[in-house]
$ cat coords.cif   # mmCIF, C-alpha atoms
data_start
#
loop_
_atom_site.group_PDB
_atom_site.id
_atom_site.type_symbol
_atom_site.label_atom_id
_atom_site.label_comp_id
_atom_site.auth_asym_id
_atom_site.auth_seq_id
_atom_site.Cartn_x
_atom_site.Cartn_y
_atom_site.Cartn_z
ATOM 1 C CA ALA A 1 109.211 130.269 103.960
ATOM 2 C CA LEU A 2 108.213 126.773 102.852
ATOM 3 C CA ALA A 3 105.194 124.816 104.064
ATOM 4 C CA LEU A 4 103.915 121.405 103.076
ATOM 5 C CA GLY A 5 100.392 120.028 102.726
ATOM 6 C CA MET A 6 98.674 116.676 102.465
ATOM 7 C CA PRO A 7 95.767 115.103 100.541
ATOM 8 C CA GLU A 8 92.219 116.458 100.676
ATOM 9 C CA PRO A 9 89.077 115.408 98.749
ATOM 10 C CA GLU A 10 89.383 117.810 95.779
ATOM 11 C CA PRO A 11 91.836 116.336 93.221
ATOM 12 C CA ARG A 12 94.485 118.063 91.188
ATOM 13 C CA ILE A 13 96.266 116.220 88.397
ATOM 14 C CA ALA A 14 99.997 115.585 88.170
ATOM 15 C CA GLY A 15 101.989 112.914 86.404
ATOM 16 C CA ASP A 16 105.270 111.553 85.081
ATOM 17 C CA PRO A 17 106.079 113.170 81.711
ATOM 18 C CA ALA A 18 108.302 110.236 80.768
ATOM 19 C CA GLY A 19 105.778 107.552 81.694
ATOM 20 C CA GLY A 20 102.451 108.844 80.467
ATOM 21 C CA TRP A 21 100.420 107.860 83.563
ATOM 22 C CA GLN A 22 98.786 110.390 85.840
ATOM 23 C CA PHE A 23 97.882 110.389 89.506
ATOM 24 C CA ARG A 24 95.809 112.711 91.641
ATOM 25 C CA LEU A 25 97.247 115.102 94.193
ATOM 26 C CA PRO A 26 94.402 116.662 96.214
ATOM 27 C CA ALA A 27 94.098 120.280 97.223
ATOM 28 C CA PRO A 28 95.989 121.690 100.227
ATOM 29 C CA LEU A 29 94.919 121.978 103.812
ATOM 30 C CA ALA A 30 94.284 125.491 105.102
ATOM 31 C CA LEU A 31 97.273 125.963 107.395
ATOM 32 C CA PRO A 32 97.666 129.127 109.488
ATOM 33 C CA TRP A 33 101.482 128.921 109.274
ATOM 34 C CA GLN A 34 101.784 128.764 105.471
ATOM 35 C CA GLY A 35 104.389 131.033 103.977
ATOM 36 C CA PRO A 36 104.797 132.377 100.417
ATOM 37 C CA LEU A 37 106.004 128.931 99.315
ATOM 38 C CA SER A 38 103.763 126.050 100.362
ATOM 39 C CA ALA A 39 103.013 122.486 99.351
ATOM 40 C CA ALA A 40 99.709 121.888 97.625
ATOM 41 C CA ALA A 41 99.611 118.155 98.407
ATOM 42 C CA ALA A 42 101.534 114.994 99.170
ATOM 43 C CA ALA A 43 101.060 111.307 98.391
ATOM 44 C CA ALA A 44 102.845 107.987 98.928
ATOM 45 C CA PHE A 45 103.267 105.144 96.408
ATOM 46 C CA ARG A 46 104.796 101.672 96.290
ATOM 47 C CA GLY A 47 106.821 100.320 93.382
ATOM 48 C CA TRP A 48 107.383 103.558 91.473
ATOM 49 C CA GLN A 49 110.473 103.933 89.276
ATOM 50 C CA PRO A 50 111.412 106.995 87.161
ATOM 51 C CA GLY A 51 110.151 106.710 83.601
ATOM 52 C CA GLN A 52 107.858 103.709 84.105
ATOM 53 C CA ALA A 53 104.754 103.637 81.933
ATOM 54 C CA SER A 54 102.400 101.944 84.407
ATOM 55 C CA PRO A 55 100.884 103.861 87.338
ATOM 56 C CA PRO A 56 102.309 103.222 90.830
ATOM 57 C CA VAL A 57 100.339 101.601 93.650
ATOM 58 C CA PRO A 58 99.101 104.081 96.276
ATOM 59 C CA CYS A 59 100.149 103.227 99.828
ATOM 60 C CA SER A 60 97.467 102.349 102.329
ATOM 61 C CA GLY A 61 96.822 104.628 105.258
ATOM 62 C CA SER A 62 95.027 107.881 105.978
ATOM 63 C CA PRO A 63 96.203 111.366 104.961
ATOM 64 C CA SER A 64 96.695 112.228 108.647
ATOM 65 C CA ALA A 65 99.014 109.214 109.043
ATOM 66 C CA LEU A 66 101.091 110.431 106.118
ATOM 67 C CA TRP A 67 101.188 113.872 107.726
ATOM 68 C CA GLU A 68 102.806 112.328 110.781
ATOM 69 C CA GLN A 69 105.226 110.150 108.780
ATOM 70 C CA CYS A 70 106.542 113.226 107.001
ATOM 71 C CA SER A 71 106.464 115.486 110.106
ATOM 72 C CA LEU A 72 104.844 118.083 107.884
ATOM 73 C CA ARG A 73 103.164 120.114 110.600
ATOM 74 C CA ASP A 74 106.507 120.592 112.332
ATOM 75 C CA LEU A 75 108.233 121.272 109.026
ATOM 76 C CA ASN A 76 105.647 123.863 108.039
ATOM 77 C CA ARG A 77 106.139 125.725 111.305
ATOM 78 C CA MET A 78 109.908 125.679 110.844
ATOM 79 C CA LEU A 79 109.735 127.057 107.325
ATOM 80 C CA ALA A 80 107.173 129.770 108.002
ATOM 81 C CA ARG A 81 108.768 131.386 111.057
ATOM 82 C CA LYS A 82 111.496 134.010 111.060
ATOM 83 C CA LEU A 83 115.151 132.979 110.967
ATOM 84 C CA SER A 84 116.715 132.525 114.386
ATOM 85 C CA PRO A 85 120.103 134.129 115.237
ATOM 86 C CA GLN A 86 121.698 130.664 115.068
ATOM 87 C CA GLU A 87 120.340 130.118 111.557
ATOM 88 C CA VAL A 88 121.573 133.529 110.424
ATOM 89 C CA ALA A 89 125.057 132.729 111.780
ATOM 90 C CA HIS A 90 124.947 129.324 110.063
ATOM 91 C CA ALA A 91 124.078 130.938 106.713
ATOM 92 C CA LYS A 92 126.918 133.475 107.009
ATOM 93 C CA ALA A 93 129.549 130.913 108.055
ATOM 94 C CA GLY A 94 131.781 129.199 105.519
ATOM 95 C CA PRO A 95 131.229 125.523 104.598
ATOM 96 C CA LEU A 96 134.014 124.407 106.959
ATOM 97 C CA HIS A 97 132.347 126.088 109.933
ATOM 98 C CA ARG A 98 128.720 125.088 109.398
ATOM 99 C CA ASP A 99 127.248 122.670 111.918
ATOM 100 C CA PRO A 100 124.050 120.984 110.671
ATOM 101 C CA ALA A 101 123.051 120.396 114.293
ATOM 102 C CA GLU A 102 122.279 124.124 114.523
ATOM 103 C CA LEU A 103 119.509 123.781 111.931
ATOM 104 C CA PRO A 104 115.847 122.956 112.596
ATOM 105 C CA THR A 105 115.296 119.247 111.884
ATOM 106 C CA ALA A 106 112.286 117.247 110.706
ATOM 107 C CA THR A 107 112.200 113.448 110.443
ATOM 108 C CA VAL A 108 110.642 111.752 107.411
ATOM 109 C CA GLU A 109 109.717 108.161 108.294
ATOM 110 C CA PHE A 110 109.229 105.685 105.460
ATOM 111 C CA THR A 111 106.989 102.663 106.083
ATOM 112 C CA PRO A 112 108.950 99.562 107.189
ATOM 113 C CA ALA A 113 108.725 96.547 104.868
ATOM 114 C CA PRO A 114 110.498 93.208 104.330
ATOM 115 C CA LEU A 115 113.622 92.852 102.226
ATOM 116 C CA GLY A 116 112.736 92.912 98.531
ATOM 117 C CA ALA A 117 109.474 94.821 98.939
ATOM 118 C CA PRO A 118 108.719 97.505 96.316
ATOM 119 C CA PRO A 119 110.300 100.889 97.096
ATOM 120 C CA GLU A 120 108.236 103.615 98.719
ATOM 121 C CA VAL A 121 108.144 107.111 97.221
ATOM 122 C CA PHE A 122 106.710 110.238 98.799
ATOM 123 C CA PHE A 123 105.619 112.959 96.376
ATOM 124 C CA TRP A 124 105.447 116.500 97.715
ATOM 125 C CA GLN A 125 103.911 119.164 95.507
ATOM 126 C CA LEU A 126 105.313 122.605 96.256
ATOM 127 C CA ARG A 127 103.294 125.722 95.478
ATOM 128 C CA ASN A 128 104.686 129.244 95.245
ATOM 129 C CA VAL A 129 102.034 131.829 96.039
ATOM 130 C CA SER A 130 104.502 134.731 96.131
ATOM 131 C CA GLY A 131 105.317 137.127 93.329
ATOM 132 C CA LEU A 132 108.922 135.920 92.993
ATOM 133 C CA PRO A 133 110.437 132.587 91.853
ATOM 134 C CA ALA A 134 111.687 130.302 94.628
ATOM 135 C CA ASP A 135 114.966 128.443 94.094
ATOM 136 C CA ILE A 136 115.305 125.241 96.154
ATOM 137 C CA GLU A 137 118.301 122.919 96.543
ATOM 138 C CA LEU A 138 118.516 119.559 98.316
ATOM 139 C CA ALA A 139 122.003 118.422 99.303
ATOM 140 C CA PHE A 140 123.304 115.311 101.082
ATOM 141 C CA PRO A 141 126.323 115.590 103.399
ATOM 142 C CA SER A 142 128.459 113.907 100.738
ATOM 143 C CA ASP A 143 127.713 116.758 98.303
ATOM 144 C CA SER A 144 130.794 118.851 98.982
ATOM 145 C CA GLU A 145 130.443 122.646 98.910
ATOM 146 C CA ILE A 146 134.206 123.213 98.991
ATOM 147 C CA ASP A 147 136.384 123.522 95.891
ATOM 148 C CA THR A 148 139.762 122.099 96.917
ATOM 149 C CA GLU A 149 143.034 122.438 95.064
ATOM 150 C CA GLN A 150 144.241 119.425 93.092
ATOM 151 C CA TRP A 151 147.230 118.954 95.400
ATOM 152 C CA THR A 152 145.074 118.986 98.541
ATOM 153 C CA GLU A 153 144.609 115.601 100.168
ATOM 154 C CA PRO A 154 140.923 115.072 101.014
ATOM 155 C CA ALA A 155 139.995 114.528 104.644
ATOM 156 C CA GLU A 156 139.414 110.976 105.808
ATOM 157 C CA PRO A 157 135.637 110.374 105.875
ATOM 158 C CA SER A 158 134.012 109.328 109.125
ATOM 159 C CA ARG A 159 132.206 106.002 109.555
ATOM 160 C CA SER A 160 128.886 107.821 109.332
ATOM 161 C CA GLU A 161 129.914 109.516 106.083
ATOM 162 C CA VAL A 162 131.058 106.203 104.604
ATOM 163 C CA ARG A 163 127.757 104.568 105.562
ATOM 164 C CA THR A 164 125.786 107.443 104.044
ATOM 165 C CA ARG A 165 127.796 107.227 100.823
ATOM 166 C CA GLN A 166 127.138 103.495 100.591
ATOM 167 C CA LEU A 167 123.416 103.961 101.131
ATOM 168 C CA LEU A 168 123.284 106.594 98.396
ATOM 169 C CA ASP A 169 125.426 104.543 96.003
ATOM 170 C CA ARG A 170 123.017 101.627 96.403
ATOM 171 C CA ARG A 171 120.081 104.016 95.918
ATOM 172 C CA VAL A 172 118.565 103.037 99.248
ATOM 173 C CA PHE A 173 117.646 106.726 99.580
ATOM 174 C CA ASP A 174 117.188 109.280 96.851
ATOM 175 C CA VAL A 175 115.674 112.736 96.448
ATOM 176 C CA GLN A 176 114.775 114.182 93.063
ATOM 177 C CA PRO A 177 115.205 116.725 91.710
ATOM 178 C CA ARG A 178 118.198 118.019 93.651
ATOM 179 C CA LYS A 179 117.615 121.546 92.353
ATOM 180 C CA LEU A 180 114.332 123.080 91.305
ATOM 181 C CA THR A 181 112.725 126.446 90.778
ATOM 182 C CA VAL A 182 109.091 127.028 91.639
ATOM 183 C CA PRO A 183 107.953 129.989 89.515
ATOM 184 C CA ALA A 184 105.747 132.703 90.928
ATOM 185 C CA GLY A 185 102.251 131.274 91.182
ATOM 186 C CA GLY A 186 103.498 127.869 89.999
ATOM 187 C CA ARG A 187 103.954 124.326 91.339
ATOM 188 C CA ALA A 188 106.694 121.688 91.327
ATOM 189 C CA LEU A 189 107.020 118.045 92.407
ATOM 190 C CA LEU A 190 109.595 116.737 94.861
ATOM 191 C CA GLN A 191 110.226 112.973 95.234
ATOM 192 C CA LEU A 192 111.661 111.232 98.316
ATOM 193 C CA HIS A 193 112.588 107.584 97.739
ATOM 194 C CA TYR A 194 113.455 104.599 99.966
ATOM 195 C CA ALA A 195 114.249 101.106 98.617
ATOM 196 C CA HIS A 196 114.147 97.872 100.654
ATOM 197 C CA VAL A 197 117.273 96.376 99.091
ATOM 198 C CA THR A 198 119.496 95.662 102.124
ATOM 199 C CA THR A 199 119.353 94.968 105.847
ATOM 200 C CA ALA A 200 122.993 96.008 106.278
ATOM 201 C CA LEU A 201 124.337 99.536 106.879
ATOM 202 C CA ALA A 202 121.720 100.227 109.569
ATOM 203 C CA ASP A 203 122.567 102.812 112.216
ATOM 204 C CA GLY A 204 119.238 104.351 113.189
ATOM 205 C CA PRO A 205 116.680 103.366 115.855
ATOM 206 C CA ASN A 206 115.527 99.722 115.739
ATOM 207 C CA GLY A 207 118.037 98.853 113.044
ATOM 208 C CA SER A 208 116.798 101.472 110.587
ATOM 209 C CA HIS A 209 118.678 103.225 107.787
ATOM 210 C CA GLN A 210 119.130 106.944 108.169
ATOM 211 C CA VAL A 211 120.578 109.785 106.120
ATOM 212 C CA GLU A 212 120.261 113.545 106.335
ATOM 213 C CA VAL A 213 119.565 115.961 103.507
ATOM 214 C CA LEU A 214 119.570 119.748 103.659
ATOM 215 C CA LEU A 215 116.640 121.564 102.086
ATOM 216 C CA ARG A 216 117.801 125.058 101.199
ATOM 217 C CA VAL A 217 115.519 127.847 100.043
ATOM 218 C CA ALA A 218 117.550 130.580 98.327
ATOM 219 C CA ARG A 219 117.659 133.761 100.413
ATOM 220 C CA GLY A 220 115.643 131.913 103.040
ATOM 221 C CA ARG A 221 115.742 129.050 105.501
ATOM 222 C CA THR A 222 117.734 125.812 105.485
ATOM 223 C CA VAL A 223 116.070 122.802 107.107
ATOM 224 C CA ARG A 224 117.668 119.444 107.860
ATOM 225 C CA LEU A 225 115.508 116.514 106.761
ATOM 226 C CA ARG A 226 116.322 113.246 108.522
ATOM 227 C CA LEU A 227 115.222 110.475 106.157
ATOM 228 C CA ARG A 228 114.632 107.192 107.967
ATOM 229 C CA GLY A 229 113.604 103.818 106.565
ATOM 230 C CA GLN A 230 113.617 100.247 107.860
ATOM 231 C CA THR A 231 114.087 97.003 105.921
ATOM 232 C CA LEU A 232 113.117 93.837 107.787
ATOM 233 C CA ARG A 233 114.323 90.303 107.307
ATOM 234 C CA PRO A 234 111.627 87.981 105.917
ATOM 235 C CA HIS A 235 108.941 86.845 108.381
ATOM 236 C CA VAL A 236 110.093 89.244 111.120
ATOM 237 C CA PRO A 237 107.037 90.816 112.837
ATOM 238 C CA LEU A 238 106.900 94.502 113.715
ATOM 239 C CA LEU A 239 104.326 96.633 115.518
ATOM 240 C CA TRP A 240 104.590 100.155 114.151
ATOM 241 C CA LEU A 241 103.022 103.413 115.312
ATOM 242 C CA GLY A 242 103.444 105.031 111.908
ATOM 243 C CA ARG A 243 105.356 108.119 113.045
ATOM 244 C CA PRO A 244 108.954 109.103 113.828
ATOM 245 C CA ALA A 245 108.364 109.504 117.591
ATOM 246 C CA PRO A 246 108.382 106.238 119.603
ATOM 247 C CA SER A 247 105.446 107.428 121.740
ATOM 248 C CA ARG A 248 102.071 109.053 121.166
ATOM 249 C CA ARG A 249 100.580 111.883 123.217
ATOM 250 C CA LEU A 250 96.827 111.860 123.824
ATOM 251 C CA GLN A 251 94.780 115.026 123.448
ATOM 252 C CA PRO A 252 94.216 116.969 126.702
ATOM 253 C CA VAL A 253 90.868 116.613 128.477
ATOM 254 C CA PRO A 254 89.412 119.279 130.829
ATOM 255 C CA LEU A 255 89.539 118.464 134.542
ATOM 256 C CA GLY A 256 86.306 117.048 135.943
ATOM 257 C CA VAL A 257 84.792 115.753 132.710
ATOM 258 C CA ASP A 258 82.544 112.805 133.576
ATOM 259 C CA LEU A 259 82.492 111.274 130.096
ATOM 260 C CA PRO A 260 85.827 112.037 128.406
ATOM 261 C CA PRO A 261 86.065 111.304 124.685
ATOM 262 C CA VAL A 262 87.452 107.946 123.621
ATOM 263 C CA GLN A 263 90.848 108.361 121.965
ATOM 264 C CA THR A 264 92.361 105.724 119.715
ATOM 265 C CA VAL A 265 95.904 104.791 118.736
ATOM 266 C CA THR A 266 96.364 102.963 115.452
ATOM 267 C CA LEU A 267 98.847 100.092 115.545
ATOM 268 C CA ARG A 268 100.121 98.945 112.165
ATOM 269 C CA ASN A 269 101.756 95.709 111.068
ATOM 270 C CA PRO A 270 103.638 96.477 107.809
ATOM 271 C CA THR A 271 105.162 92.988 107.625
ATOM 272 C CA SER A 272 104.102 89.633 106.176
ATOM 273 C CA ALA A 273 104.110 87.974 109.642
ATOM 274 C CA PRO A 274 101.381 88.179 112.319
ATOM 275 C CA VAL A 275 102.124 90.271 115.406
ATOM 276 C CA ARG A 276 101.043 89.385 118.935
ATOM 277 C CA PHE A 277 101.133 92.141 121.544
ATOM 278 C CA ARG A 278 100.009 92.778 125.111
ATOM 279 C CA VAL A 279 98.990 96.017 126.827
ATOM 280 C CA ASP A 280 100.366 96.572 130.351
ATOM 281 C CA PRO A 281 97.456 97.959 132.456
ATOM 282 C CA HIS A 282 99.559 99.006 135.476
ATOM 283 C CA PRO A 283 100.327 102.594 134.325
ATOM 284 C CA PHE A 284 96.595 103.191 133.796
ATOM 285 C CA GLU A 285 95.754 101.796 137.205
ATOM 286 C CA GLU A 286 98.380 104.012 138.882
ATOM 287 C CA ALA A 287 97.069 107.094 137.056
ATOM 288 C CA THR A 288 93.518 106.265 138.170
ATOM 289 C CA GLN A 289 94.593 105.995 141.799
ATOM 290 C CA GLU A 290 96.272 109.388 141.698
#
$ encode --input "coords.cif" --output "structure tokens"
Amino acid sequence: ALALGMPEPEPRIAGDPAGGWQFRLPAPLALPWQGPLSAAAAAAFRGWQPGQASPPVPCSGSPSALWEQCSLRDLNRMLARKLSPQEVAHAKAGPLHRDPAELPTATVEFTPAPLGAPPEVFFWQLRNVSGLPADIELAFPSDSEIDTEQWTEPAEPSRSEVRTRQLLDRRVFDVQPRKLTVPAGGRALLQLHYAHVTTALADGPNGSHQVEVLLRVARGRTVRLRLRGQTLRPHVPLLWLGRPAPSRRLQPVPLGVDLPPVQTVTLRNPTSAPVRFRVDPHPFEEATQE
């Protein structure tokens, strides 16, 4: 099982061996669904490039907001539970007969920004608390698992596959390392990268870029990560909830409470243009009448 955590007050040090700078990854949250392999922390930075000597700029926002952007609570539950019959059948099937739609899926939402903005990088620190090493592989759909004969004519790629290949060739998305081993009792860093270098090739919601990557734990679960990022044209406003889902569910309140707690929804403007918005009161008025 694999579970992922987010920042907390106590720091732990990690850094880029090639660059020389260091940044702090706080200790993990205590999650009831953690498995033998868990993530000690996660963080988000702007403007980071492999091998750079200067430290990156931390992204603004709370740890809980980053939790929601990475869908880590959902992902932790997926990776800690037992394999379903569909997942077992998927693992036993050959590459030609595997349907990624059968796999549990978590969406990782990068913060929208205008064209030319510094790239955003999520760092996930994985921790192996088991007594055995954990081998992990991350594969994009274009990473073929099939060894074909030289005389075999390759299949014609679909429009989606061509778009994904173009996004990867332009390094709009990247995940590093593609293969890693977390030793027993050890830790390892995983990087998820999105660059705001083009407004073309969009096929996701609201004109966003989207690719899928499979996270495979050897002798364990495979999870489909849907990476989604949005690059805006200059001076285009955007009101953003900061999570993959287009809606937000309020916490339940017991029936008959005279003074229910006030719940807030954070609206973010990640652009360089001001945003004007209006709240429609009619749904609230209808709910009050009922």
$ resolve_selection --input "coords.cif" --expression "the PyMOL selection byres ((chain A and resi 238-242) around 6)" --output "PyMOL selection string"
chain A and resi 237+243+267-269
$ residues_around --input "coords.cif" --residues "Thr199 in chain A" --least-positions-apart "2" --cutoff "9 Å" --atoms "all atoms listed in the file" --output "mmCIF file with C-alpha atoms, keeping the file's coordinate frame"
data_model
loop_
_atom_site.group_PDB
_atom_site.id
_atom_site.type_symbol
_atom_site.label_atom_id
_atom_site.label_comp_id
_atom_site.auth_asym_id
_atom_site.auth_seq_id
_atom_site.Cartn_x
_atom_site.Cartn_y
_atom_site.Cartn_z
ATOM 1 C CA LEU A 115 113.622 92.852 102.226
ATOM 2 C CA HIS A 196 114.147 97.872 100.654
ATOM 3 C CA VAL A 197 117.273 96.376 99.091
ATOM 4 C CA LEU A 201 124.337 99.536 106.879
ATOM 5 C CA ALA A 202 121.720 100.227 109.569
ATOM 6 C CA GLY A 207 118.037 98.853 113.044
ATOM 7 C CA SER A 208 116.798 101.472 110.587
ATOM 8 C CA HIS A 209 118.678 103.225 107.787
ATOM 9 C CA GLN A 230 113.617 100.247 107.860
ATOM 10 C CA THR A 231 114.087 97.003 105.921
ATOM 11 C CA LEU A 232 113.117 93.837 107.787
ATOM 12 C CA ARG A 233 114.323 90.303 107.307
#
$ closest_residue --input "coords.cif" --among "A:Arg228, A:Arg170, A:Lys92, A:His235" --to "Leu192 in chain A" --atoms "all atoms listed in the file"
A:Arg228
$ resolve_selection --input "coords.cif" --expression "the PyMOL selection byres ((chain A and resi 164) around 9)" --output "MDAnalysis selection string"
chainID A and resid 140:142 159:163 165:169 201 210:212
$ atom_distance --input "coords.cif" --atom1 "CA of Tyr194 in chain A" --atom2 "CA of Ala273 in chain A"
21.4 Å
$ residues_around --input "coords.cif" --residues "Phe122 in chain A" --least-positions-apart "2" --cutoff "6 Å" --atoms "only C-alpha atoms" --output "list of chain:residue names"
A:Ala43, A:Ala44, A:Gln191, A:Leu192
$ closest_residue --input "coords.cif" --among "A:Pro157, A:Arg216, A:Asn128, A:Val172" --to "Gly186 in chain A" --atoms "only C-alpha atoms"
A:Asn128
$ resolve_selection --input "coords.cif" --expression "the PyMOL selection byres ((chain A and resi 88) around 12)" --output "MDAnalysis selection string"
chainID A and resid 82:87 89:93 98 102:103 219:222
$ write_last_selection --input "coords.cif" --atoms "C-alpha atoms" --output "PDB file, in the coordinates of the input"
ATOM      1  CA  LYS A  82     111.496 134.010 111.060  1.00  0.00           C
ATOM      2  CA  LEU A  83     115.151 132.979 110.967  1.00  0.00           C
ATOM      3  CA  SER A  84     116.715 132.525 114.386  1.00  0.00           C
ATOM      4  CA  PRO A  85     120.103 134.129 115.237  1.00  0.00           C
ATOM      5  CA  GLN A  86     121.698 130.664 115.068  1.00  0.00           C
ATOM      6  CA  GLU A  87     120.340 130.118 111.557  1.00  0.00           C
ATOM      7  CA  ALA A  89     125.057 132.729 111.780  1.00  0.00           C
ATOM      8  CA  HIS A  90     124.947 129.324 110.063  1.00  0.00           C
ATOM      9  CA  ALA A  91     124.078 130.938 106.713  1.00  0.00           C
ATOM     10  CA  LYS A  92     126.918 133.475 107.009  1.00  0.00           C
ATOM     11  CA  ALA A  93     129.549 130.913 108.055  1.00  0.00           C
ATOM     12  CA  ARG A  98     128.720 125.088 109.398  1.00  0.00           C
ATOM     13  CA  GLU A 102     122.279 124.124 114.523  1.00  0.00           C
ATOM     14  CA  LEU A 103     119.509 123.781 111.931  1.00  0.00           C
ATOM     15  CA  ARG A 219     117.659 133.761 100.413  1.00  0.00           C
ATOM     16  CA  GLY A 220     115.643 131.913 103.040  1.00  0.00           C
ATOM     17  CA  ARG A 221     115.742 129.050 105.501  1.00  0.00           C
ATOM     18  CA  THR A 222     117.734 125.812 105.485  1.00  0.00           C
TER      19      THR A 222
END
$ atom_distance --input "coords.cif" --atom1 "CA of Asn76 in chain A" --atom2 "CA of Pro104 in chain A"
11.2 Å
$ closest_residue --input "coords.cif" --among "A:Val108, A:Ala113, A:Met78, A:Val257" --to "Cys59 in chain A" --atoms "only C-alpha atoms"
A:Ala113
$ atom_distance --input "coords.cif" --atom1 "CA of Val213 in chain A" --atom2 "CA of Arg77 in chain A"
18.3 Å
$ residues_around --input "coords.cif" --residues "Pro261 in chain A" --least-positions-apart "5" --cutoff "12 Å" --atoms "all atoms listed in the file" --output "VMD selection string"
chain A and resid 250 to 254
$ closest_residue --input "coords.cif" --among "A:Leu227, A:Ala101, A:Leu214, A:Leu66" --to "Asp143 in chain A" --atoms "all atoms listed in the file"
A:Leu214
$ residues_around --input "coords.cif" --residues "Val182 in chain A" --least-positions-apart "6" --cutoff "6 Å" --atoms "only C-alpha atoms" --output "list in words"
Pro133, Ala134 and Ala188 of chain A
$ closest_residue --input "coords.cif" --among "A:Ala80, A:Val121, A:Leu75, A:Val223" --to "Glu137 in chain A" --atoms "only C-alpha atoms"
A:Val223
